[in-house]
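Trainee: I have a structure I would like to understand better, so I am pasting it below and will then ask my questions one at a time.
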Amino acid sequence: MRQIWKSFRALYFATLMMLIGSGLLSTYLALRLAADHTDGLWVGALMAANYFGLALGGKIGHRLIARVGHIRAYVTCAGIVGAAVLGHGLINFLPAWLFLRVIVGLGMMCQYMVIESWLNEQAEAKQRGAVFSGYMIASYLGLVLGQLILVMHPQLGLELLMLVAMCFTLCLVPVALTRRIHPAPLHPAPMEPRFFIKRVPQSLSTVLGAGLIVGSFYGLAPLYASQQGLSTEQVGLFMGCCILAGLLVQWPLGWLSDRYDRAVLIRTAAICMALAALPLAILPSVPLEALFAVGFIVSLLQFCLYPLAVAFSNDHVESERRVSLTAMLLVTYGVGASIGPLVAGVLMKLFGSQMLYAFFSFFALVLVWRIRPKAVTNLHQVDDAPLGHVAMPAASSPLAAALDPRVDEQMVQEQMHNNVAPESAPAGEPAKTESSPEPQEQAAPHADAQASAPAPHVGPSVDLEQGARKFKREGE
């Protein structure tokens, strides 16, 4: 592990700086608007705009990187993001802030894509899991440190915006100075929404719910804490405590996910979250100790939903489709994260700050209703399911599947070498789904489902997404 940290420290440092700046910016804007007595709707709209920019950046980033290359694209976006951050200090017009947040989200997604493609390019097959874990730790640690800066500097002046811009400036230094091989060109993964809606409907429902909840948390939890009477330093500690819960829960969650039914775990987490959020949803004012304790527990549970849904969906999708699956999951999450802050912001404006956790509790109950473990048919479960659980980073791009150790790149390499299409279902066989309204249709894992090997690597001579699309066409 020490050798991995040494080999990838530049990219981890870039990720750390990016997430420090991003985490600090989100909380600063929420507290700044709260200090000006601005409606919570605007706070939610700013976070929704950020996630909209992230979703938009997935498409634009591919084109920009293809046109000018990875390093130029990264440096360009870091410069634009830094300028957009400083723009918040020059303009007090809130609609202009919405546009600036879209620009920040768009630029950051391009930066994620460059870093992840570089990590994927240089990670050996046997190191992939550790490299991915290091990336996740750097992401969560950056978000936590961004909140703790508010403890050291509670004044909501322009100095914090300058510090955010400084972080985005520093994050480009290790990438701009790299002497490593330029990553291979990127190719967008096909979405195939109809296929995945039929194949993994419960996973997509969970990801959508996770986006609604987590997006609202990042955007509106600082406003909620401020309206509970917390000072700026206490808001920073509260947010840091909650985000730290997301990091700490990943390892025990992985142990549970590899040993128990994942649909049951998703439903259990949703039930516990609905109950845990009730005190903050019902009581208009909560003691400080109870606020920190309940907020930590709710965050433990809310950060479980997305990783469990990703693992659950990978159990029912063949390895050659997993890059497309990741793109579909991220778009679904982005839609939820764009809508959630807007809806929660309206509720907080109309009925009070406690509506944020009422919103969490309600959508957790929706997931309890939507996730039905007995309805999982397992008709297209992969042979080695459950696949090894992978702790997901706090933020990722459509390239996350290339880093994910569950992607079976070895099989794709062999098929590309032999020009042989992957096995497909026999003609006339009905579509196989993760779930079905008729629980009695349960069946054993399908024998011709593709197995997954935890050892992917995509080098300059291998384009995983392009190969997967090629094999899909040949298989048809």
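For the structure tokens, the naming scheme is as follows: chains receive sequential letters (A, B, ...) according to their order of presentation, residues are indexed from 1 within each chain, and ligands are indexed from 1 in presentation order.
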Write out as a PDB file with N, CA and C atoms, in the first residue's frame each polymer residue whose atoms come within 8 Å of Val249 in chain A, counting only C-alpha atoms; drop sequence neighbours fewer than 5 positions from it.

Mentor:
```
ATOM      1  N   LEU A 300     -24.409   7.849   8.197  1.00  0.00           N
ATOM      2  CA  LEU A 300     -23.930   6.478   8.027  1.00  0.00           C
ATOM      3  C   LEU A 300     -24.837   5.704   7.082  1.00  0.00           C
ATOM      4  N   PHE A 303     -25.151   7.206   3.189  1.00  0.00           N
ATOM      5  CA  PHE A 303     -24.002   6.925   2.334  1.00  0.00           C
ATOM      6  C   PHE A 303     -23.839   5.432   2.049  1.00  0.00           C
ATOM      7  N   CYS A 304     -24.719   4.606   2.590  1.00  0.00           N
ATOM      8  CA  CYS A 304     -24.719   3.178   2.262  1.00  0.00           C
ATOM      9  C   CYS A 304     -25.469   2.888   0.960  1.00  0.00           C
TER      10      CYS A 304
END
```

Trainee: Wanna dump the range 300-353 of chain A-range 210-228 of chain A contacts at 6 Å for me, each residue with its shortest atom pair and the distance in Å to one decimal, counting only C-alpha atoms, ordered by chain and number, as JSON lines?

Mentor:
```
{"residue": "A:Leu305", "atom": "CA", "partner": "A:Ala210", "partner_atom": "CA", "distance": 5.9}
{"residue": "A:Tyr306", "atom": "CA", "partner": "A:Ala210", "partner_atom": "CA", "distance": 5.9}
{"residue": "A:Tyr333", "atom": "CA", "partner": "A:Gly211", "partner_atom": "CA", "distance": 4.6}
{"residue": "A:Gly336", "atom": "CA", "partner": "A:Gly211", "partner_atom": "CA", "distance": 4.3}
{"residue": "A:Ala337", "atom": "CA", "partner": "A:Gly215", "partner_atom": "CA", "distance": 4.2}
{"residue": "A:Gly340", "atom": "CA", "partner": "A:Leu212", "partner_atom": "CA", "distance": 4.2}
{"residue": "A:Pro341", "atom": "CA", "partner": "A:Ser216", "partner_atom": "CA", "distance": 4.3}
{"residue": "A:Ser353", "atom": "CA", "partner": "A:Tyr224", "partner_atom": "CA", "distance": 5.4}
```

Trainee: Can you pull out the residues contacting Ala138 in chain A? Cut-off 8 Å, using only C-alpha atoms, and skip same-chain residues under 2 positions away; I want them as a list in words.

Mentor: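 These residues fall inside the cut-off: Tyr12, Phe13, Thr15, Leu16, Gly134, Tyr135, Met136, Tyr140, Leu141 and Gly142 of chain A.
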
Trainee: What gap, in Å, lies between CA of Arg179 in chain A and CA of Ala165 in chain A?

Mentor: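 Computing it gives 25.2 Å between the two atoms.
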
Trainee: Pick out the residues sitting within 7 Å of range 276-284 of chain A, and hand them over as a short mmCIF file (atom, residue, chain, number, x, y, z; two decimals) with N, CA and C atoms, in the first residue's frame; count only C-alpha atoms, and ignore anything fewer than 3 positions along from it in its own chain.

Mentor:
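around_28.cif, written as the output of this step:
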```
data_model
loop_
_atom_site.label_atom_id
_atom_site.label_comp_id
_atom_site.auth_asym_id
_atom_site.auth_seq_id
_atom_site.Cartn_x
_atom_site.Cartn_y
_atom_site.Cartn_z
N CYS A 272 -33.91 1.74 8.60
CA CYS A 272 -33.18 2.37 9.72
C CYS A 272 -33.03 3.87 9.51
N MET A 273 -32.82 4.28 8.27
CA MET A 273 -32.66 5.71 8.00
C MET A 273 -33.98 6.45 8.23
N VAL A 294 -27.53 12.17 15.99
CA VAL A 294 -28.52 11.71 15.01
C VAL A 294 -28.03 12.00 13.59
N VAL A 298 -27.70 9.14 10.68
CA VAL A 298 -28.40 9.28 9.40
C VAL A 298 -27.41 9.27 8.24
N GLN A 354 -36.79 21.73 9.65
CA GLN A 354 -36.85 20.31 9.95
C GLN A 354 -37.36 19.49 8.77
N MET A 355 -37.92 20.16 7.75
CA MET A 355 -38.41 19.45 6.58
C MET A 355 -37.29 18.77 5.80
N TYR A 357 -34.94 16.78 7.04
CA TYR A 357 -34.87 15.40 7.51
C TYR A 357 -36.20 14.69 7.34
N ALA A 358 -37.31 15.43 7.28
CA ALA A 358 -38.58 14.81 6.90
C ALA A 358 -38.52 14.33 5.46
N PHE A 360 -35.74 13.36 3.95
CA PHE A 360 -34.92 12.15 4.00
C PHE A 360 -35.76 10.95 4.43
N SER A 361 -36.53 11.13 5.48
CA SER A 361 -37.32 10.03 6.01
C SER A 361 -38.36 9.55 5.01
#
```

Trainee: Quote the spacing between CA of Ala130 in chain A and CA of Gly254 in chain A in Å to one decimal place.

Mentor: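 The value is 14.1 Å.
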
Trainee: Which residues, written as a PyMOL selection string, have at least one atom at most 8 Å from Phe296 in chain A, with only C-alpha atoms counted and residues fewer than 6 positions away on the same chain left out?

Mentor: chain A and resi 241-242+245

Trainee: Out of range 133-256 of chain A, which residues get alpha helix (DSSP H) from DSSP, as a PyMOL selection string?

Mentor: chain A and resi 133-152+158-170+173-176+193-199+201-227+232-248+250-256
